[in-house]
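S.K.: Sharing a structure, written as structure tokens. Questions coming.
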2 protein chains.
Amino acid sequence: MAADGSGAGRPEKRRAIVRAAVTVFGREGFARASMDAIAAEAGVSKRTVYNHFADKESLFLTVALENTVALSEHLKDLAAEYLGDVTDLRQALIDFAVVRVGAIFSAEEHGALGRAIRAEVTKISADVLTAWLAAGPQASHQDLAGYFERIASRGLLAFDDVDTAVEHYTLLTFHPVADRSFWGALPISEEEIRRVAASGVDAFLRSYGGPDLH
Amino acid sequence: MAADGSGAGRPEKRRAIVRAAVTVFGREGFARASMDAIAAEAGVSKRTVYNHFADKESLFLTVALENTVALSEHLKDLAAEYLGDVTDLRQALIDFAVVRVGAIFSAEEHGALGRAIRAEVTKISADVLTAWLAAGPQASHQDLAGYFERIASRGLLAFDDVDTAVEHYTLLTFHPVADRSFWGALPISEEEIRRVAASGVDAFLRSYGGPDLH
DNA sequence: GTCTATACAGGGATAGAC
DNA sequence: GTCTATCCCTGTATAGAC
């Protein structure tokens with residue numbers, strides 16, 4: 001039997017299990033989450049869970065990877081919407097920062113799963129972690145880099161190294177929220193998110209604003 | 001009986017327990033760590049652990065708080081050494097960034113405990129978390145703010161809000177390392193730390209460099 | 001009187017059997 | 001889908017040792 005979550009059983013059961021696992025792992029973390037709770041949340045028997053996934057660990061890793069893939073695609077759409085055709089760069093960078101934080105830390109348990117991954121990072125194999133990074137944070141980074149290059153070619157940004165510029169943008173606009181909210185564990189007001197994004201973007205543009213910005 | 005870790009029993013036993021708890025909680029996280037393992041690591045019986053600390057949770061919180069207090073004091077010394085009497089601001093900010101990262105993520109398990117706290121943040125009471133933040137990150141932030149004010153008064157830095165400036169310095173020089181290494185879980189080369197610190201400080205100074213910087 | 005060593009009760013977990 | 005074997009953990013209890 002496969003038991004790797006790929007081909008066995010009814011797909012709608014599998015989806016229910018994955019959704020339930022996101023919820024429970026997100027709420028409890030890996031160690032506290034029980035397979036009983038996940039089965040109950042999914043409305044299936046525990047046997048069905050073990051039919052689709054070999055064990056707790058492989059369920060967790062599968063769920064984490066699928067979740068980060070879905071999030072990356074969502075972020076890609078948001079980047080296209082906010083950074084694809086920029087007129088007011090400052091406003092676009094602020095707005096994108098706000099919606100990005102919202103996408104990662106809102107109702108869906110992306111933030112909680114991110115926290116769970118980070119909590120378990122010493123127990124995760126290097127391969128799996130590399131795959132998770134590539135599908136998630138690095139994919140978003142690459143996507144942003146494309147937009148930054150295009151914006152720079154219009155003279156609105158100026159940098160030697162696009163990767164450093166992207167990283168600094170993320171550090172100044174995303175990480176303050178991630179840090180204060182402990183990766184989405186504690187609430188943070190919409191107003192504070194906007195304030196942080198604005199001050200981060202202003203600092204970013206003082207560093208990386210191009211000759212034709214104003 | 002007190003059993004809050006304050007007055008009972010021999011102090012050297014208590015110290016051994018706290019040291020062992022740092023090691024084991026740092027290595028395993030809260031949920032995986034067992035009181036048996038902590039007792040064994042400390043070289044005392046489990047009963048002695050329970051003689052000093054009411055339960056696993058209070059041991060963890062005590063250890064986390066004491067650890068962050070010690071780290072803050074160490075960082076305060078480093079700040080005084082590197083930022084107390086600045087001649088070359090860029091070099092001072094880079095050097096301090098490097099030693100700060102080293103202090104937090106080197107051999108001592110500060111980073112591991114920080115990760116454990118972040119993993120448990122949803123289960124920690126607001127009071128305890130507030131106390132931990134005040135004794136740790138916020139204390140270091142305040143300390144840095146004092147140095148930044150003094151440096152700004154010499155015209156080497158310029159900012160409207162010292163707290164934002166300090167936060168951006170930390171975001172640009174500390175968080176890249178914390179993020180890449182997953183708060184110290186994965187190794188990161190000295191060379192990369194220096195490179196990240198330099199590019200972070202350069203971006204910081206493009207934003208916050210004062211009129212008399214050059 | 002504090003510590004060690006060990007055993008044990010009670011609960012809960014994974015994983016698998018039926 | 002239920003039931004259970006097996007294991008591990010917390011926290012307590014019961015011995016005796018320095």
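By convention here, the chains of the structure tokens are called A, B, ... in the order presented, each chain's residues are numbered starting at 1, and ligands are numbered starting at 1 in the order presented.
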Only residues of chain B matter here; which ones have an atom within 8 Å of chain A, counting only C-alpha atoms? Give them as a PyMOL selection string.
M.R.: chain B and resi 29+31-32+115-116+118-119+121-122+164+168+171-172+175-176+182+185-186+199-200+203-204+206-207
S.K.: I want to know what sits within 12 Å of DT2 in chain D, based on only C-alpha atoms (C1' of nucleotides), with residues of the same chain fewer than 5 positions away left out; could you give that as a ChimeraX atom specification?
M.R.: /A:45-47 /C:17-18
S.K.: Output C-alpha atoms (C1' of nucleotides) of each residue in that selection to a file, as a short mmCIF file (atom, residue, chain, number, x, y, z; two decimals), in the first residue's frame.
M.R.:
```
data_model
loop_
_atom_site.label_atom_id
_atom_site.label_comp_id
_atom_site.auth_asym_id
_atom_site.auth_seq_id
_atom_site.Cartn_x
_atom_site.Cartn_y
_atom_site.Cartn_z
CA SER A 45 -11.99 6.91 11.35
CA LYS A 46 -8.44 6.83 12.48
CA ARG A 47 -7.93 3.77 10.30
"C1'" DA C 17 -5.60 -5.96 14.92
"C1'" DC C 18 -10.14 -7.53 14.34
#
```
S.K.: If the cut-off is 10 Å, can you tell me the residues of chain C near chain A, counting only C-alpha atoms (C1' of nucleotides)? I'd like them as a ChimeraX atom specification.
M.R.: /C:12-16
S.K.: Neighbouring residues of range 12-24 of chain A were defined as those with any atom within 8 Å, considering only C-alpha atoms (C1' of nucleotides); residues of the same chain fewer than 6 positions away were excluded. Please report them as a compact mmCIF listing (two decimals) with N, CA and C atoms, in the first residue's frame.
M.R.:
```
# COMPACT_ATOMS: atom_id res chain seq x y z
N GLY A 5 -0.12 9.21 1.09
CA GLY A 5 -1.05 10.29 0.83
C GLY A 5 -1.24 10.59 -0.63
N ALA A 33 -0.60 17.56 18.99
CA ALA A 33 -1.70 17.10 18.13
C ALA A 33 -1.79 15.59 18.18
N ALA A 37 -7.58 13.29 17.31
CA ALA A 37 -8.20 14.60 17.12
C ALA A 37 -8.31 14.93 15.63
N ILE A 38 -7.28 14.56 14.87
CA ILE A 38 -7.32 14.85 13.44
C ILE A 38 -8.41 14.02 12.76
N ALA A 39 -8.50 12.75 13.12
CA ALA A 39 -9.53 11.90 12.54
C ALA A 39 -10.92 12.43 12.89
N GLU A 41 -11.76 15.52 13.70
CA GLU A 41 -11.97 16.78 13.00
C GLU A 41 -12.31 16.54 11.53
N ALA A 42 -11.71 15.51 10.95
CA ALA A 42 -11.97 15.20 9.55
C ALA A 42 -13.27 14.42 9.36
N GLY A 43 -13.82 13.88 10.44
CA GLY A 43 -15.04 13.08 10.33
C GLY A 43 -14.79 11.71 9.71
N VAL A 44 -13.58 11.18 9.89
CA VAL A 44 -13.27 9.84 9.38
C VAL A 44 -12.70 9.02 10.53
N VAL A 49 -7.27 7.50 8.26
CA VAL A 49 -6.11 8.39 8.26
C VAL A 49 -4.85 7.59 7.98
N HIS A 52 -4.24 6.57 4.42
CA HIS A 52 -3.75 7.58 3.48
C HIS A 52 -2.32 8.01 3.81
N LEU A 59 2.21 12.64 7.62
CA LEU A 59 1.02 13.49 7.48
C LEU A 59 1.39 14.95 7.69
N PHE A 60 2.13 15.19 8.73
CA PHE A 60 2.52 16.57 9.03
C PHE A 60 3.31 17.19 7.89
N VAL A 63 1.17 17.84 4.76
CA VAL A 63 0.28 18.98 4.98
C VAL A 63 1.05 20.29 4.93
N ALA A 64 2.22 20.31 5.55
CA ALA A 64 3.01 21.53 5.56
C ALA A 64 3.42 21.92 4.14
N ASN A 67 0.39 23.06 2.05
CA ASN A 67 -0.07 24.35 2.54
C ASN A 67 0.81 25.47 2.03
N GLU A 109 -4.87 28.89 8.56
CA GLU A 109 -3.84 28.66 9.57
C GLU A 109 -2.43 28.56 9.00
N LEU A 113 0.80 26.91 10.97
CA LEU A 113 1.61 25.83 10.41
C LEU A 113 3.07 26.25 10.27
```
S.K.: Please identify all residues of chain D having at least one atom at most 12 Å from any atom of chain B, considering only C-alpha atoms (C1' of nucleotides), and return them as a PDB file with N, CA and C atoms (P, O5', C5', C4', C3', O3' and C1' of nucleotides), in the first residue's frame.
M.R.:
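Printed below is selection.pdb as written:
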```pdb
ATOM      1  P    DC D   8       9.267   3.384  25.350  1.00  0.00           P
ATOM      2  O5'  DC D   8       8.709   4.787  25.869  1.00  0.00           O
ATOM      3  C5'  DC D   8       8.092   5.667  24.939  1.00  0.00           C
ATOM      4  C4'  DC D   8       7.422   6.792  25.695  1.00  0.00           C
ATOM      5  C3'  DC D   8       8.247   7.324  26.880  1.00  0.00           C
ATOM      6  O3'  DC D   8       8.322   8.725  26.790  1.00  0.00           O
ATOM      7  C1'  DC D   8       6.032   6.861  27.546  1.00  0.00           C
ATOM      8  P    DC D   9       9.292   9.547  27.708  1.00  0.00           P
ATOM      9  O5'  DC D   9       8.321  10.577  28.424  1.00  0.00           O
ATOM     10  C5'  DC D   9       7.257  11.191  27.687  1.00  0.00           C
ATOM     11  C4'  DC D   9       6.241  11.685  28.684  1.00  0.00           C
ATOM     12  C3'  DC D   9       6.901  12.227  29.956  1.00  0.00           C
ATOM     13  O3'  DC D   9       6.697  13.621  30.079  1.00  0.00           O
ATOM     14  C1'  DC D   9       5.101  10.735  30.457  1.00  0.00           C
ATOM     15  P    DT D  10       7.455  14.383  31.287  1.00  0.00           P
ATOM     16  O5'  DT D  10       6.289  14.605  32.349  1.00  0.00           O
ATOM     17  C5'  DT D  10       5.071  15.195  31.940  1.00  0.00           C
ATOM     18  C4'  DT D  10       4.044  15.044  33.047  1.00  0.00           C
ATOM     19  C3'  DT D  10       4.451  15.671  34.379  1.00  0.00           C
ATOM     20  O3'  DT D  10       3.353  16.411  34.896  1.00  0.00           O
ATOM     21  C1'  DT D  10       3.883  13.374  34.681  1.00  0.00           C
ATOM     22  P    DG D  11       3.650  17.620  35.920  1.00  0.00           P
ATOM     23  O5'  DG D  11       3.403  16.890  37.320  1.00  0.00           O
ATOM     24  C5'  DG D  11       2.136  16.273  37.522  1.00  0.00           C
ATOM     25  C4'  DG D  11       2.251  15.236  38.615  1.00  0.00           C
ATOM     26  C3'  DG D  11       2.977  15.698  39.889  1.00  0.00           C
ATOM     27  O3'  DG D  11       2.063  15.614  40.973  1.00  0.00           O
ATOM     28  C1'  DG D  11       3.622  13.522  39.256  1.00  0.00           C
ATOM     29  P    DT D  12       2.476  15.958  42.489  1.00  0.00           P
ATOM     30  O5'  DT D  12       2.465  14.531  43.210  1.00  0.00           O
ATOM     31  C5'  DT D  12       1.344  13.677  43.012  1.00  0.00           C
ATOM     32  C4'  DT D  12       1.637  12.320  43.620  1.00  0.00           C
ATOM     33  C3'  DT D  12       2.155  12.366  45.062  1.00  0.00           C
ATOM     34  O3'  DT D  12       1.414  11.431  45.819  1.00  0.00           O
ATOM     35  C1'  DT D  12       3.559  11.032  43.730  1.00  0.00           C
ATOM     36  P    DA D  13       1.475  11.471  47.425  1.00  0.00           P
ATOM     37  O5'  DA D  13       1.807   9.957  47.802  1.00  0.00           O
ATOM     38  C5'  DA D  13       1.595   8.914  46.858  1.00  0.00           C
ATOM     39  C4'  DA D  13       2.525   7.738  47.182  1.00  0.00           C
ATOM     40  C3'  DA D  13       3.086   7.759  48.615  1.00  0.00           C
ATOM     41  O3'  DA D  13       3.018   6.458  49.165  1.00  0.00           O
ATOM     42  C1'  DA D  13       4.858   7.650  47.077  1.00  0.00           C
ATOM     43  P    DT D  14       3.310   6.219  50.733  1.00  0.00           P
ATOM     44  O5'  DT D  14       4.363   5.033  50.727  1.00  0.00           O
ATOM     45  C5'  DT D  14       4.611   4.282  49.539  1.00  0.00           C
ATOM     46  C4'  DT D  14       6.004   3.665  49.586  1.00  0.00           C
ATOM     47  C3'  DT D  14       6.626   3.605  50.977  1.00  0.00           C
ATOM     48  O3'  DT D  14       7.341   2.393  51.130  1.00  0.00           O
ATOM     49  C1'  DT D  14       8.070   4.742  49.551  1.00  0.00           C
TER      50       DT D  14
END
```
S.K.: What does the distance between CA of Glu66 in chain B and CA of Ile193 in chain B come to in Å, to one decimal place?
M.R.: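 Separation between CA of Glu66 in chain B and CA of Ile193 in chain B: 27.1 Å.
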S.K.: How would you write, as a count of residues only, the set of residues in range 1-174 of chain B that DSSP gives as helix (DSSP H, G or I)?
M.R.: 134
S.K.: Write out as a PyMOL selection string the set of residues from chain A that DSSP, computed on the backbone, places in strand (DSSP E or B).
M.R.: chain A and resi 4+53+157+209
